[in-house]
Each structure stands twice: as structure tokens, then as C-alpha cells.
$ cat protein24.pdb   # PDB, C-alpha atoms
ATOM      1  CA  MET A   1      10.999 -52.844  81.040
ATOM      2  CA  ILE A   2      11.597 -51.765  77.420
ATOM      3  CA  PRO A   3       8.325 -51.643  75.404
ATOM      4  CA  SER A   4       8.183 -54.342  72.709
ATOM      5  CA  GLN A   5       7.641 -51.785  69.907
ATOM      6  CA  MET A   6      10.857 -50.007  70.912
ATOM      7  CA  LEU A   7      12.721 -53.317  71.134
ATOM      8  CA  LYS A   8      11.597 -54.447  67.675
ATOM      9  CA  GLY A   9      13.801 -51.988  65.814
ATOM     10  CA  THR A  10      16.929 -52.806  67.767
ATOM     11  CA  LEU A  11      16.735 -56.538  68.440
ATOM     12  CA  GLU A  12      18.056 -57.717  65.062
ATOM     13  CA  GLY A  13      21.082 -55.399  65.314
ATOM     14  CA  SER A  14      21.660 -56.412  68.940
ATOM     15  CA  ILE A  15      21.543 -60.112  67.979
ATOM     16  CA  LEU A  16      24.112 -59.466  65.240
ATOM     17  CA  ALA A  17      26.285 -57.686  67.832
ATOM     18  CA  ILE A  18      26.135 -60.664  70.238
ATOM     19  CA  ILE A  19      26.943 -63.137  67.459
ATOM     20  CA  SER A  20      29.848 -60.944  66.299
ATOM     21  CA  VAL A  21      31.629 -61.586  69.616
ATOM     22  CA  GLN A  22      31.189 -65.359  69.563
ATOM     23  CA  ASP A  23      29.225 -67.973  67.585
ATOM     24  CA  SER A  24      26.084 -68.565  69.587
ATOM     25  CA  TYR A  25      22.691 -70.368  69.705
ATOM     26  CA  GLY A  26      19.158 -69.148  70.422
ATOM     27  CA  TYR A  27      18.956 -69.771  74.156
ATOM     28  CA  GLU A  28      22.425 -68.338  74.815
ATOM     29  CA  ILE A  29      21.566 -65.231  72.773
ATOM     30  CA  SER A  30      18.381 -64.690  74.804
ATOM     31  CA  ARG A  31      20.361 -65.017  78.071
ATOM     32  CA  GLN A  32      23.000 -62.585  76.780
ATOM     33  CA  LEU A  33      20.296 -60.062  75.876
ATOM     34  CA  GLU A  34      18.854 -60.414  79.381
ATOM     35  CA  LYS A  35      22.314 -59.880  80.873
ATOM     36  CA  PHE A  36      22.656 -56.619  78.945
ATOM     37  CA  GLY A  37      19.285 -55.371  80.255
ATOM     38  CA  PHE A  38      16.952 -56.153  77.343
ATOM     39  CA  GLY A  39      14.661 -58.099  79.697
ATOM     40  CA  ASN A  40      13.474 -61.689  79.499
ATOM     41  CA  ILE A  41      13.207 -62.384  75.766
ATOM     42  CA  SER A  42      12.122 -65.955  74.955
ATOM     43  CA  GLU A  43      13.667 -68.093  72.243
ATOM     44  CA  GLY A  44      10.270 -67.853  70.541
ATOM     45  CA  THR A  45      10.916 -64.148  69.995
ATOM     46  CA  ILE A  46      14.531 -64.642  68.956
ATOM     47  CA  TYR A  47      14.022 -67.567  66.545
ATOM     48  CA  PRO A  48      11.984 -65.764  63.807
ATOM     49  CA  LEU A  49      14.548 -62.938  63.871
ATOM     50  CA  LEU A  50      17.424 -65.417  63.550
ATOM     51  CA  LEU A  51      15.568 -67.112  60.689
ATOM     52  CA  ARG A  52      15.099 -63.777  58.894
ATOM     53  CA  LEU A  53      18.792 -62.879  59.384
ATOM     54  CA  GLU A  54      19.775 -66.336  58.091
ATOM     55  CA  LYS A  55      17.488 -66.154  55.043
ATOM     56  CA  ASN A  56      18.859 -62.679  54.237
ATOM     57  CA  GLY A  57      22.409 -64.069  54.369
ATOM     58  CA  LEU A  58      23.488 -61.933  57.341
ATOM     59  CA  ILE A  59      24.260 -64.949  59.529
ATOM     60  CA  LEU A  60      25.281 -68.540  58.805
ATOM     61  CA  ALA A  61      23.824 -71.470  60.702
ATOM     62  CA  ALA A  62      25.177 -74.943  61.438
ATOM     63  CA  TYR A  63      24.184 -77.724  63.824
ATOM     64  CA  ARG A  64      26.928 -78.647  66.277
ATOM     65  CA  GLU A  65      27.205 -81.176  69.077
ATOM     66  CA  SER A  66      26.598 -79.629  72.479
ATOM     67  CA  GLY A  67      28.198 -80.748  75.735
ATOM     68  CA  LYS A  68      24.978 -82.388  76.912
ATOM     69  CA  GLY A  69      21.563 -82.822  75.334
ATOM     70  CA  PRO A  70      20.689 -82.577  71.629
ATOM     71  CA  LYS A  71      22.641 -80.848  68.845
ATOM     72  CA  ARG A  72      22.287 -77.083  68.800
ATOM     73  CA  LYS A  73      22.017 -74.686  65.879
ATOM     74  CA  TYR A  74      24.899 -72.247  66.156
ATOM     75  CA  TYR A  75      24.900 -68.941  64.317
ATOM     76  CA  GLN A  76      27.912 -67.149  62.901
ATOM     77  CA  LEU A  77      28.157 -63.625  61.449
ATOM     78  CA  SER A  78      28.658 -63.540  57.648
ATOM     79  CA  ASP A  79      30.507 -60.802  55.721
ATOM     80  CA  PRO A  80      27.244 -59.037  54.706
ATOM     81  CA  GLY A  81      26.248 -59.391  58.377
ATOM     82  CA  LYS A  82      29.390 -57.504  59.440
ATOM     83  CA  ASN A  83      28.445 -54.628  57.109
ATOM     84  CA  GLU A  84      24.878 -54.685  58.433
ATOM     85  CA  LEU A  85      26.165 -54.538  62.017
ATOM     86  CA  LYS A  86      28.327 -51.508  61.192
ATOM     87  CA  GLN A  87      25.300 -49.796  59.625
ATOM     88  CA  PHE A  88      23.219 -50.638  62.711
ATOM     89  CA  PHE A  89      25.812 -49.078  65.030
ATOM     90  CA  ASP A  90      26.044 -45.952  62.843
ATOM     91  CA  SER A  91      22.261 -45.548  62.682
ATOM     92  CA  PHE A  92      21.841 -46.205  66.391
ATOM     93  CA  GLU A  93      24.565 -43.698  67.265
ATOM     94  CA  GLU A  94      22.731 -41.091  65.193
ATOM     95  CA  LEU A  95      19.443 -41.925  66.946
ATOM     96  CA  ASP A  96      21.135 -41.931  70.352
ATOM     97  CA  LYS A  97      22.622 -38.459  69.705
ATOM     98  CA  ALA A  98      19.271 -37.115  68.503
ATOM     99  CA  VAL A  99      17.403 -38.430  71.570
ATOM    100  CA  HIS A 100      20.112 -37.084  73.892
ATOM    101  CA  ARG A 101      19.970 -33.669  72.214
ATOM    102  CA  LEU A 102      16.199 -33.705  72.688
ATOM    103  CA  LEU A 103      16.495 -34.746  76.343
ATOM    104  CA  LYS A 104      19.116 -32.047  76.967
ATOM    105  CA  TYR A 105      16.894 -29.435  75.316
ATOM    106  CA  LEU A 106      13.893 -30.548  77.428
ATOM    107  CA  GLY A 107      16.077 -30.452  80.564
ATOM    108  CA  GLU A 108      17.244 -26.891  79.801
ATOM    109  CA  ASP A 109      13.684 -25.851  78.974
ATOM    110  CA  ASN A 110      12.383 -27.190  82.315
ATOM    111  CA  GLN A 111      15.049 -25.268  84.229
TER     112      GLN A 111
ATOM    113  CA  MET B   1       7.590 -84.387  47.982
ATOM    114  CA  ASN B   2      11.256 -84.512  46.955
ATOM    115  CA  SER B   3      13.835 -86.906  48.458
ATOM    116  CA  LYS B   4      15.622 -84.189  50.480
ATOM    117  CA  THR B   5      12.357 -83.232  52.199
ATOM    118  CA  LYS B   6      11.411 -86.892  52.750
ATOM    119  CA  LYS B   7      14.757 -87.555  54.456
ATOM    120  CA  LEU B   8      14.347 -84.551  56.762
ATOM    121  CA  LEU B   9      10.717 -85.522  57.490
ATOM    122  CA  HIS B  10      11.824 -89.029  58.497
ATOM    123  CA  GLU B  11      14.617 -87.651  60.736
ATOM    124  CA  ASN B  12      12.165 -85.245  62.375
ATOM    125  CA  ASN B  13       9.592 -88.000  62.973
ATOM    126  CA  GLU B  14      12.276 -90.053  64.716
ATOM    127  CA  PHE B  15      13.470 -87.079  66.795
ATOM    128  CA  GLU B  16       9.925 -86.165  67.836
ATOM    129  CA  LYS B  17       9.564 -89.525  69.630
ATOM    130  CA  ASN B  18      12.076 -88.302  72.242
ATOM    131  CA  LEU B  19       9.922 -85.338  73.321
ATOM    132  CA  ASN B  20       7.487 -85.560  76.215
ATOM    133  CA  ASP B  21       3.761 -86.080  75.447
ATOM    134  CA  MET B  22       2.644 -82.543  76.333
ATOM    135  CA  ASN B  23       5.301 -80.977  74.097
ATOM    136  CA  LYS B  24       4.468 -83.448  71.309
ATOM    137  CA  LYS B  25       0.838 -82.293  71.358
ATOM    138  CA  SER B  26       1.753 -78.580  71.229
ATOM    139  CA  LEU B  27       4.280 -79.310  68.505
ATOM    140  CA  THR B  28       1.603 -81.098  66.450
ATOM    141  CA  ASP B  29      -0.592 -77.954  66.603
ATOM    142  CA  ILE B  30       2.350 -75.852  65.401
ATOM    143  CA  VAL B  31       3.234 -78.263  62.575
ATOM    144  CA  VAL B  32      -0.406 -78.537  61.430
ATOM    145  CA  TYR B  33      -0.640 -74.717  61.335
ATOM    146  CA  LEU B  34       2.632 -74.448  59.383
ATOM    147  CA  ARG B  35       1.397 -77.051  56.847
ATOM    148  CA  GLY B  36      -1.297 -74.591  55.786
ATOM    149  CA  CYS B  37       1.129 -71.660  55.409
ATOM    150  CA  ASN B  38       2.690 -70.411  52.225
ATOM    151  CA  ILE B  39       6.169 -71.921  52.703
ATOM    152  CA  SER B  40       7.658 -74.967  50.987
ATOM    153  CA  GLU B  41       7.431 -78.444  52.543
ATOM    154  CA  TYR B  42      11.220 -78.440  52.940
ATOM    155  CA  HIS B  43      11.163 -75.153  54.854
ATOM    156  CA  GLN B  44       8.312 -76.502  57.022
ATOM    157  CA  GLU B  45      10.496 -79.457  57.988
ATOM    158  CA  GLU B  46      13.536 -77.215  58.470
ATOM    159  CA  VAL B  47      11.551 -75.037  60.899
ATOM    160  CA  ARG B  48      10.088 -78.124  62.611
ATOM    161  CA  LYS B  49      13.606 -79.414  63.216
ATOM    162  CA  ASP B  50      14.695 -76.080  64.735
ATOM    163  CA  ILE B  51      11.637 -75.891  67.005
ATOM    164  CA  MET B  52      12.102 -79.490  68.163
ATOM    165  CA  GLN B  53      15.738 -78.756  69.017
ATOM    166  CA  MET B  54      14.632 -75.716  71.029
ATOM    167  CA  VAL B  55      11.945 -77.723  72.844
ATOM    168  CA  ALA B  56      14.322 -80.638  73.559
ATOM    169  CA  ASP B  57      16.858 -78.144  74.900
ATOM    170  CA  GLY B  58      14.084 -76.677  77.082
ATOM    171  CA  GLU B  59      13.128 -80.150  78.351
ATOM    172  CA  ALA B  60      16.749 -80.678  79.401
ATOM    173  CA  ARG B  61      16.453 -77.466  81.482
ATOM    174  CA  ASN B  62      13.053 -78.606  82.885
ATOM    175  CA  GLU B  63      11.253 -75.807  81.036
ATOM    176  CA  ASN B  64       7.893 -76.269  79.343
ATOM    177  CA  MET B  65       7.133 -75.210  75.773
ATOM    178  CA  LYS B  66       5.432 -71.961  76.784
ATOM    179  CA  SER B  67       8.486 -70.709  78.619
ATOM    180  CA  VAL B  68      10.700 -71.665  75.650
ATOM    181  CA  ILE B  69       8.530 -70.276  72.844
ATOM    182  CA  GLY B  70       6.149 -67.868  74.572
ATOM    183  CA  ASP B  71       2.393 -67.926  75.218
ATOM    184  CA  ASP B  72       1.161 -67.183  71.701
ATOM    185  CA  PHE B  73       2.068 -70.109  69.407
ATOM    186  CA  LYS B  74       0.064 -68.675  66.494
ATOM    187  CA  GLN B  75       1.960 -65.375  66.585
ATOM    188  CA  PHE B  76       5.209 -67.354  66.794
ATOM    189  CA  CYS B  77       4.263 -69.305  63.644
ATOM    190  CA  ASP B  78       3.141 -66.151  61.797
ATOM    191  CA  GLU B  79       6.478 -64.473  62.573
ATOM    192  CA  ILE B  80       8.339 -67.542  61.294
ATOM    193  CA  VAL B  81       6.368 -67.505  58.021
ATOM    194  CA  ASN B  82       7.018 -63.748  57.636
ATOM    195  CA  ALA B  83      10.757 -64.375  58.079
ATOM    196  CA  PHE B  84      10.845 -66.179  54.724
ATOM    197  CA  PRO B  85      11.190 -64.050  51.592
ATOM    198  CA  PRO B  86       7.763 -63.864  49.849
ATOM    199  CA  ARG B  87       7.331 -66.070  46.781
ATOM    200  CA  SER B  88       7.540 -64.319  43.416
ATOM    201  CA  LYS B  89       4.645 -64.494  40.924
ATOM    202  CA  LYS B  90       6.598 -67.051  38.868
ATOM    203  CA  GLU B  91       7.228 -69.211  41.948
ATOM    204  CA  LYS B  92       3.537 -69.039  42.938
ATOM    205  CA  ILE B  93       2.498 -70.186  39.442
ATOM    206  CA  LEU B  94       5.036 -73.052  39.510
ATOM    207  CA  VAL B  95       3.849 -74.213  42.967
ATOM    208  CA  ALA B  96       0.190 -74.110  41.853
ATOM    209  CA  PHE B  97       1.076 -76.019  38.664
ATOM    210  CA  SER B  98       3.002 -78.638  40.641
ATOM    211  CA  GLU B  99       0.054 -79.125  43.015
ATOM    212  CA  ALA B 100      -2.352 -79.358  40.057
ATOM    213  CA  CYS B 101      -0.140 -82.053  38.445
ATOM    214  CA  SER B 102       0.084 -83.974  41.707
ATOM    215  CA  LEU B 103      -3.685 -83.851  42.328
ATOM    216  CA  SER B 104      -4.481 -84.734  38.695
ATOM    217  CA  SER B 105      -2.250 -87.811  38.898
ATOM    218  CA  LEU B 106      -4.000 -88.800  42.133
ATOM    219  CA  MET B 107      -7.452 -88.472  40.527
ATOM    220  CA  LEU B 108      -6.326 -90.423  37.445
ATOM    221  CA  GLY B 109      -4.979 -93.126  39.772
ATOM    222  CA  ILE B 110      -8.312 -93.334  41.594
ATOM    223  CA  TRP B 111     -10.282 -93.483  38.315
ATOM    224  CA  LEU B 112      -7.918 -96.136  36.928
ATOM    225  CA  ALA B 113      -8.175 -98.268  40.084
ATOM    226  CA  GLY B 114     -11.972 -97.842  40.061
ATOM    227  CA  GLY B 115     -12.164 -98.848  36.384
ATOM    228  CA  ILE B 116     -10.006-101.942  36.886
ATOM    229  CA  LEU B 117     -12.018-102.960  39.987
ATOM    230  CA  GLU B 118     -15.267-102.558  38.069
ATOM    231  CA  ALA B 119     -13.919-104.673  35.194
ATOM    232  CA  VAL B 120     -12.786-107.384  37.630
ATOM    233  CA  LEU B 121     -16.180-107.441  39.383
ATOM    234  CA  LYS B 122     -18.043-107.581  36.055
ATOM    235  CA  LYS B 123     -15.530-110.158  34.750
ATOM    236  CA  THR B 124     -14.762-108.056  31.665
ATOM    237  CA  THR B 125     -11.480-106.681  30.318
ATOM    238  CA  PHE B 126     -10.286-103.156  31.030
ATOM    239  CA  SER B 127      -8.782-101.573  27.911
ATOM    240  CA  ALA B 128      -9.398 -97.840  28.363
ATOM    241  CA  LEU B 129     -10.491 -95.278  30.912
ATOM    242  CA  PHE B 130     -13.784 -93.642  29.991
ATOM    243  CA  LEU B 131     -14.468 -90.380  31.771
ATOM    244  CA  THR B 132     -17.919 -88.829  31.761
ATOM    245  CA  LEU B 133     -18.651 -85.139  32.397
ATOM    246  CA  GLY B 134     -19.953 -86.214  35.817
ATOM    247  CA  ASP B 135     -16.654 -87.978  36.657
ATOM    248  CA  VAL B 136     -14.645 -84.842  35.856
ATOM    249  CA  ILE B 137     -16.978 -82.510  37.780
ATOM    250  CA  ASN B 138     -16.988 -84.908  40.764
ATOM    251  CA  GLY B 139     -13.189 -85.102  40.610
ATOM    252  CA  LEU B 140     -12.921 -81.313  40.765
ATOM    253  CA  LEU B 141     -15.529 -81.216  43.556
ATOM    254  CA  ILE B 142     -13.676 -83.818  45.661
ATOM    255  CA  VAL B 143     -10.307 -82.083  45.192
ATOM    256  CA  THR B 144     -11.791 -78.664  46.077
ATOM    257  CA  ILE B 145     -13.486 -80.041  49.207
ATOM    258  CA  ALA B 146     -10.312 -81.884  50.266
ATOM    259  CA  ILE B 147      -8.236 -78.686  49.898
ATOM    260  CA  GLY B 148     -10.888 -76.714  51.813
ATOM    261  CA  VAL B 149     -10.964 -79.251  54.686
ATOM    262  CA  VAL B 150      -7.154 -79.339  54.941
ATOM    263  CA  ASN B 151      -6.963 -75.515  54.979
ATOM    264  CA  PHE B 152      -9.704 -75.323  57.624
ATOM    265  CA  VAL B 153      -7.929 -77.850  59.879
ATOM    266  CA  CYS B 154      -4.583 -76.049  59.459
ATOM    267  CA  LYS B 155      -5.952 -72.567  60.128
ATOM    268  CA  THR B 156      -7.884 -73.651  63.234
ATOM    269  CA  SER B 157      -5.202 -75.861  64.798
ATOM    270  CA  PHE B 158      -4.752 -73.501  67.775
ATOM    271  CA  LYS B 159      -8.482 -73.000  68.407
ATOM    272  CA  PRO B 160      -9.689 -75.078  71.370
ATOM    273  CA  VAL B 161     -12.831 -77.150  70.686
ATOM    274  CA  LYS B 162     -15.600 -76.070  73.089
ATOM    275  CA  LYS B 163     -17.568 -78.946  74.632
ATOM    276  CA  SER B 164     -20.873 -77.131  73.983
ATOM    277  CA  ASN B 165     -20.069 -76.956  70.257
ATOM    278  CA  ARG B 166     -19.345 -80.668  69.872
ATOM    279  CA  ILE B 167     -22.963 -81.755  69.220
ATOM    280  CA  LYS B 168     -23.484 -78.834  66.819
ATOM    281  CA  SER B 169     -20.248 -79.666  64.958
ATOM    282  CA  PHE B 170     -21.243 -83.341  64.769
ATOM    283  CA  LEU B 171     -24.653 -82.520  63.255
ATOM    284  CA  VAL B 172     -23.246 -79.932  60.839
ATOM    285  CA  THR B 173     -20.564 -82.423  59.702
ATOM    286  CA  TRP B 174     -23.180 -85.117  58.971
ATOM    287  CA  VAL B 175     -25.480 -82.711  57.085
ATOM    288  CA  VAL B 176     -22.542 -81.413  55.003
ATOM    289  CA  LEU B 177     -21.304 -84.962  54.311
ATOM    290  CA  PHE B 178     -24.829 -86.010  53.254
ATOM    291  CA  LEU B 179     -25.101 -83.033  50.874
ATOM    292  CA  ILE B 180     -21.670 -83.775  49.374
ATOM    293  CA  PHE B 181     -22.398 -87.462  48.790
ATOM    294  CA  ALA B 182     -25.862 -86.640  47.420
ATOM    295  CA  SER B 183     -24.304 -84.121  44.994
ATOM    296  CA  ILE B 184     -21.671 -86.620  43.880
ATOM    297  CA  PHE B 185     -24.332 -89.298  43.313
ATOM    298  CA  LEU B 186     -26.662 -86.946  41.391
ATOM    299  CA  ILE B 187     -23.834 -85.546  39.237
ATOM    300  CA  SER B 188     -22.556 -89.014  38.278
ATOM    301  CA  HIS B 189     -26.131 -90.255  37.684
ATOM    302  CA  PHE B 190     -27.297 -87.433  35.383
ATOM    303  CA  LEU B 191     -24.111 -86.138  33.706
ATOM    304  CA  THR B 192     -23.231 -89.356  31.848
ATOM    305  CA  PHE B 193     -22.034 -87.632  28.660
ATOM    306  CA  ASN B 194     -18.774 -89.343  27.665
ATOM    307  CA  LEU B 195     -16.070 -86.674  27.663
ATOM    308  CA  VAL B 196     -12.861 -88.569  26.987
ATOM    309  CA  SER B 197     -11.438 -92.088  26.671
ATOM    310  CA  ILE B 198      -7.771 -92.832  27.349
ATOM    311  CA  PRO B 199      -6.112 -96.235  26.739
ATOM    312  CA  THR B 200      -4.785 -97.894  29.922
ATOM    313  CA  ILE B 201      -1.143 -97.432  28.934
ATOM    314  CA  GLY B 202      -1.890 -93.773  28.197
ATOM    315  CA  VAL B 203      -3.370 -93.318  31.690
ATOM    316  CA  ILE B 204      -0.308 -94.927  33.298
ATOM    317  CA  LEU B 205       2.063 -92.767  31.229
ATOM    318  CA  LEU B 206       0.019 -89.686  32.103
ATOM    319  CA  ILE B 207       0.155 -90.484  35.844
ATOM    320  CA  VAL B 208       3.923 -91.062  35.717
ATOM    321  CA  GLY B 209       4.448 -87.907  33.603
ATOM    322  CA  LEU B 210       2.382 -85.694  35.906
ATOM    323  CA  LEU B 211       4.190 -87.038  38.991
ATOM    324  CA  ALA B 212       7.564 -86.484  37.303
ATOM    325  CA  VAL B 213       6.665 -82.861  36.448
ATOM    326  CA  SER B 214       5.444 -82.268  40.017
ATOM    327  CA  ARG B 215       8.608 -83.856  41.492
ATOM    328  CA  PHE B 216      10.845 -81.818  39.155
ATOM    329  CA  ILE B 217       9.197 -78.534  40.186
ATOM    330  CA  ASP B 218       9.426 -79.529  43.886
ATOM    331  CA  ASN B 219      13.173 -80.152  43.478
ATOM    332  CA  VAL B 220      13.685 -76.809  41.746
ATOM    333  CA  MET B 221      11.581 -74.926  44.319
ATOM    334  CA  ILE B 222      13.533 -75.891  47.507
TER     335      ILE B 222
END

$ encode --input "protein24.pdb" --output "C-alpha cells"
Amino acid sequence: MIPSQMLKGTLEGSILAIISVQDSYGYEISRQLEKFGFGNISEGTIYPLLLRLEKNGLILAAYRESGKGPKRKYYQLSDPGKNELKQFFDSFEELDKAVHRLLKYLGEDNQ
Amino acid sequence: MNSKTKKLLHENNEFEKNLNDMNKKSLTDIVVYLRGCNISEYHQEEVRKDIMQMVADGEARNENMKSVIGDDFKQFCDEIVNAFPPRSKKEKILVAFSEACSLSSLMLGIWLAGGILEAVLKKTTFSALFLTLGDVINGLLIVTIAIGVVNFVCKTSFKPVKKSNRIKSFLVTWVVLFLIFASIFLISHFLTFNLVSIPTIGVILLIVGLLAVSRFIDNVMI
């Protein structure tokens, strides 16, 4: 299980990444995150992040009819959101490289 | 409250009827808590609509509210409020001014109604509103207490009421209410210095003007 503090910094970027593939709604996003190994993240955790992304203009929201049940709020990536997603990937790649270099160094040191 | 917010409020009230009773109760706690937070009435209704959609979606999947939103409703609400950009100093001043206008018009309305009722009962004519120093101080006292009570109810909406505290709360409430009414009576009895007199038409124009200013700011602040 990924600690919540570690998740916090990456969830917004990961949500943008999921929305970039296809317009999506809260519950579907939480299921997608679970599918990719982020663990069981409730809509209650996702919603404030979606709200922040929407208020910052990184995603656009619109209510649409769903197949069954009530209307759902679908989110779509905006142009500033696309830039933000690119920045997230760049930053994460840098972090990923740094952590890998550290792990490699620790591995060599232990040998 | 502006017309856009009123429309959304009405839609939300209608939608809420479709939720099950347990979810309605939890939703009420959330809405009451949000009412006391520093976000506009329109944004409160916007968020309420989103949460109700989530809960209704959960009901369709046979999931309860805790599995949809999580165990900590207060934290959920706090994170929602933090998601909104903070209000600027200018916006805070405008909101406070709008609330002051709205409350002033309410107090003027109460004084006007009281004055007319008194004139009717005494079978005299009502030509102007006379406000004593005691009336003004009591007005401020009532408004301050009302704001305090509303804030207290909003901030404690998630706190369960312990059975053992019920008798204590009941007694405290009655003592506080007695002290408030005693203060109001004493203030109006002793501070009878006439502060201002406004002709009836002036009071009506003032009420309408204050409400218009408040409504205008509310429309601008969405």
C-alpha cells in the first residue's frame, strides 16, 4: 500500500493523466487508479482534487446523461491542463531517475 | 441570495428527496458544515449538487455514503473548502459589507413591523420610526448572538450529542436565554435616549436600497 503522504504529490498529476486518455467521472477515475495499483481511493479523496483542478482551469467539467442512474459530472483536460500534465511527467521522470540512482548506489554499497 | 443560487438551491432540494433517509441525514450534516465555511452560497450549492450526484451514484451501486466519501466527513469538507482559491482582501470586505447590508435591512424591517403593530394596537398613526439607543444596541446584540449561534451549529454539525450532556445543555441553554432576554429588557428599559427618527417612506426606501446593494454584491461575487 502506498502511504497517503507519498500519494498526495502524485495524485493530481495521475488524475490529469487518466483524464487525458478519455473524458471521465469521479468513480471511474478512482477505479482506474485502483487498476493501475494506486490502491482503493474513494471518490471522497478524488473529488476535492478534481475541484481544485477545475477551479485552477486545468480541467473542464460538464454534467452528462449516464446510461443508467443520475447525470454524472464528466471531466475533460483543458489546454493549460495538457501543459500541466507534461510538466508533471517531466518532474516525475526526474524524481524517478533520482530515486533509482539512489537505490542503485545503495545496492552497490551493500554488495 | 441571487437568482442563480436560488435556482440551484431549488433544484438541489428537489434532487435530495430521491436519496435514502440515512444518506439524507449525513448530507444534512455536510451541508450545515459547509454553510459555515468561507465559500460563497453559490459554491456551497455547486458542491452540494456534486456530492448528491456522487451519493446517488453510490446508492445505485448499493454503496453507503462512507464507502463513497470516506469515513471522515469533516476532513472531506475541509479539503473541498481548501480547493477553492482564497478570497482576496477586497472580496472579504465586499462580502462583509453585503452581509451587513442584508442584516441591517432585516433589523429595519423588524423595527418597522414592530412600530406599525404598536401603532395599530394603540390605535394611533405610524408616521416615522423612532430608534432609541437601546433599540440600536439590542439590534446589534441580537444580530451578534444570531451569527454566533449559526456559526456554533455549523462548526459542530459532525459532533455527536452525548446523552449524558443533554440535561447540562438544556440547563445551560435556558440560563443563557434568560440572561439574553434580561439584558435586552434592561437595555431597552434604561437606554431610552432617542437616537434617530426616520419617516416611514424613508425606512422602506432604506430597506429596499440595502437589499439591492446586498443583491448586487452577491451577483458580482459568484

$ interface_residues --input "protein24.pdb" --of "chain B" --to "chain A" --cutoff "8 Å" --atoms "all atoms listed in the file" --output "short mmCIF file (atom, residue, chain, number, x, y, z; two decimals) with C-alpha atoms, in the coordinates of the input"
data_model
loop_
_atom_site.label_atom_id
_atom_site.label_comp_id
_atom_site.auth_asym_id
_atom_site.auth_seq_id
_atom_site.Cartn_x
_atom_site.Cartn_y
_atom_site.Cartn_z
CA ASP B 50 14.70 -76.08 64.74
CA GLN B 53 15.74 -78.76 69.02
CA MET B 54 14.63 -75.72 71.03
CA ALA B 56 14.32 -80.64 73.56
CA ASP B 57 16.86 -78.14 74.90
CA ALA B 60 16.75 -80.68 79.40
CA SER B 67 8.49 -70.71 78.62
CA VAL B 68 10.70 -71.67 75.65
CA ILE B 69 8.53 -70.28 72.84
CA GLY B 70 6.15 -67.87 74.57
CA PHE B 76 5.21 -67.35 66.79
CA GLU B 79 6.48 -64.47 62.57
CA ILE B 80 8.34 -67.54 61.29
CA ALA B 83 10.76 -64.38 58.08
CA PHE B 84 10.84 -66.18 54.72
CA PRO B 85 11.19 -64.05 51.59
#

$ resolve_selection --input "protein24.pdb" --expression "the PyMOL selection byres ((chain A and resi 19) around 12)" --output "ChimeraX atom specification"
/A:12-18,20-26,28-30,32-33,50,53,58-61,74-78,81-82,85

$ closest_atom_pairs --input "protein24.pdb" --of "region 54-131 of chain B" --to "region 17-33 of chain B" --cutoff "8 Å" --atoms "only C-alpha atoms" --output "CSV"
residue,atom,partner,partner_atom,distance
B:Val55,CA,B:Asn23,CA,7.5
B:Ala56,CA,B:Leu19,CA,6.4
B:Glu59,CA,B:Leu19,CA,7.9
B:Asn64,CA,B:Asn23,CA,7.5
B:Met65,CA,B:Asn23,CA,6.3
B:Phe73,CA,B:Ile30,CA,7.0
B:Lys74,CA,B:Ile30,CA,7.6
B:Cys77,CA,B:Ile30,CA,7.0

$ atom_distance --input "protein24.pdb" --atom1 "CA of Ser105 (chain B)" --atom2 "CA of Ile207 (chain B)"
4.7 Å

$ atom_distance --input "protein24.pdb" --atom1 "CA of Ala128 (chain B)" --atom2 "CA of Thr200 (chain B)"
4.9 Å

$ resolve_selection --input "protein24.pdb" --expression "the PyMOL selection byres ((chain B and resi 132-135) around 7)" --output "number ranges by chain"
B: 130-131, 136-139, 187-188, 191-196
